[in-house]
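In what follows, a single structure is set out as structure tokens and then discussed.
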Amino acid sequence: MNERAIGSKQSVILLHGLARTPRSLNKLAKHLRAQGYHVVNLGYPSRHHKIEALAEQVIPNALAQCPSDHQVHFVTHSLGGILVRAYLANHALANLGRVVMLAPPNQGSEIVDKLGHLSLFKWINGQAGLQLGTDEMSMPKRLGAVDYELGVIAGTRSINLILSTLMPRPNDGKVSVASTKLNGMTDHLTLPVTHTFLMTNRRVLNAISAFLAKGCFAQ
């Protein structure tokens with residue numbers, strides 16, 4: 001696909017991760033606004049509903065804040081990517097642009113498999129978190145391949161050495177690199193960053209800009 005003019009009637013919807021807030025994506029929002037994009041950075045109650053309900057709640061609200069003549073891109077962190085997959089599996093967007101997912105558990109998380117039975121885990125991560133296992137009936141596995149332009153960025157550094165031991169390496173402390181991959185994706189990039197701070201890393205920000213503009217991470 002031809003490179004698009006940055007900021008020319010284009011919106012970007014940002015979706016934060018599990019147990020996070022829109023503040024975690026403020027630096028990314030500022031970065032994209034500086035390039036001329038109309039940015040929508042909405043919060044959602046990630047710990048209080050299942051993925052399907054969250055997707056049907058937050059994404060229509062975000063779309064309503066985008067001008068009707070704009071092409072709409074998505075940039076997500078972690079669980080936010082699964083919300084986009086869930087929504088686009090059931091809704092066709094004629095003005096859909098490109099999607100960038102940061103550390104998405106596209107194949108599920110081994111951490112959920114091993115710790116999901118614990119009361120503390122359930123309290124921290126809620127219903128959506130419990131849907132992110134790796135078995136074939138988990139939400140990420142049931143959503144299947146994608147048919148839109150998708151770029152995925154995965155991290156390879158961890159600040160949580162305990163959780164890192166519960167999943168294949170390399171990983172970012174929450175999601176393994178292997179789990180971020182998805183059939184149908186357009187491009188995949190790994191960088192030495194952690195799950196928690198992936199969205200504030202300068203190399204990640206530049207890679208997001210490149211994909212939104214050109215459909216690949218090469219700058």
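Here's how to read the names in the structure tokens: chain A, B, ... by the order shown, residue numbers from 1 in each chain, ligand numbers from 1 in the order shown.
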Could you give me, as a list in words, the residues within 9 Å of region 136-148 of chain A, counting only C-alpha atoms and dropping anything in the same chain fewer than 2 positions from it?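 After dropping sequence-adjacent residues, the list is Ile51, Ile82, Arg85, Ala86, Leu88, Ala89, Leu96, Gly97, Arg98, Val99, Pro105, Asn106, Gln107, Gly108, Leu130, Gln131, Leu132, Gly133, Thr134, Leu150, Leu182, Asn183, Gly184, Met185 and Thr186 of chain A.
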In region 23-106 of chain A, what's strand (DSSP E) per DSSP? Answer as a ChimeraX atom specification? /A:38-42,71-77,96-102
For each of A:Leu15, A:Glu149, A:Val193, A:Leu28, take the minimum atom-to-atom distance to Lys214 (chain A), counting only C-alpha atoms, then give the residue where this is smallest. A:Glu149
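Take CA of Ser11 (chain A) and CA of Thr200 (chain A): the distance between them is 19.8 Å.
Picture a line from CA of Ser176 (chain A) to CA of Ala218 (chain A); it runs 22.4 Å.
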Here is a test: counting only C-alpha atoms, which residue of A:Ile153, A:Val84, A:Val72, A:Ala53 is nearest to Ala128 (chain A)? A:Ala53
Please, which residues of chain A, numbered as in this document, come out alpha helix (DSSP H) from DSSP, as JSON, numbers by chain? {"A": [26, 27, 28, 29, 30, 31, 32, 33, 34, 51, 52, 53, 54, 55, 56, 57, 58, 59, 60, 61, 62, 63, 79, 80, 81, 82, 83, 84, 85, 86, 87, 88, 110, 111, 112, 113, 114, 115, 119, 120, 121, 122, 123, 124, 125, 126, 127, 128, 129, 130, 139, 140, 141, 142, 143, 161, 162, 163, 164, 177, 178, 179, 180, 202, 203, 204, 205, 206, 207, 208, 209, 210, 211, 212, 213, 214]}
Smallest atom-to-atom distance to Pro67 (chain A): which of A:Arg33, A:Arg47, A:Lys114, A:Lys9, using only C-alpha atoms?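 Smallest distance to Pro67 (chain A) is found for A:Lys9.
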Near-Val40 (chain A) list (9 Å; only C-alpha atoms; drop same-chain fewer than 6 positions) as a count of residues only: 10
To one decimal place, how far is CA of Ser24 (chain A) from CA of Ala94 (chain A) in Å?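 Answer for the CA of Ser24 (chain A) to CA of Ala94 (chain A) separation: 29.0 Å.
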Residues of region 48-104 of chain A within 10 Å of region 195-199 of chain A: nearest atom pair and distance (Å, one decimal) for each, counting only C-alpha atoms, sorted by chain and number, as CSV?
residue,atom,partner,partner_atom,distance
A:Val75,CA,A:Met199,CA,9.8
A:Thr76,CA,A:Met199,CA,9.1
A:His77,CA,A:Met199,CA,7.4
A:Ser78,CA,A:His195,CA,8.2
A:Leu102,CA,A:Leu198,CA,7.2
A:Ala103,CA,A:His195,CA,6.7
A:Pro104,CA,A:His195,CA,9.7
Suppose we keep C-alpha atoms; can you now write the selection as a short mmCIF file (atom, residue, chain, number, x, y, z; two decimals), in the first residue's frame?
data_model
loop_
_atom_site.label_atom_id
_atom_site.label_comp_id
_atom_site.auth_asym_id
_atom_site.auth_seq_id
_atom_site.Cartn_x
_atom_site.Cartn_y
_atom_site.Cartn_z
CA VAL A 75 -2.30 1.52 18.47
CA THR A 76 -2.69 -0.76 21.47
CA HIS A 77 -0.77 -2.04 24.47
CA SER A 78 -1.16 -5.61 25.74
CA LEU A 102 2.57 -3.45 21.55
CA ALA A 103 3.23 -6.70 23.43
CA PRO A 104 -0.15 -8.29 22.69
#
Name the closest residue to Asn61 (chain A) among the candidates A:Ser164, A:Asn41, A:Thr180, A:Ser8; distances are taken between atoms, counting only C-alpha atoms.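 Nearest candidate to Asn61 (chain A) out of A:Ser164, A:Asn41, A:Thr180, A:Ser8: A:Asn41.
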Using only C-alpha atoms, which residues sit within 6 Å of Ala55 (chain A) once same-chain residues fewer than 4 positions away are excluded, as JSON, numbers by chain? {"A": [59, 83, 87]}
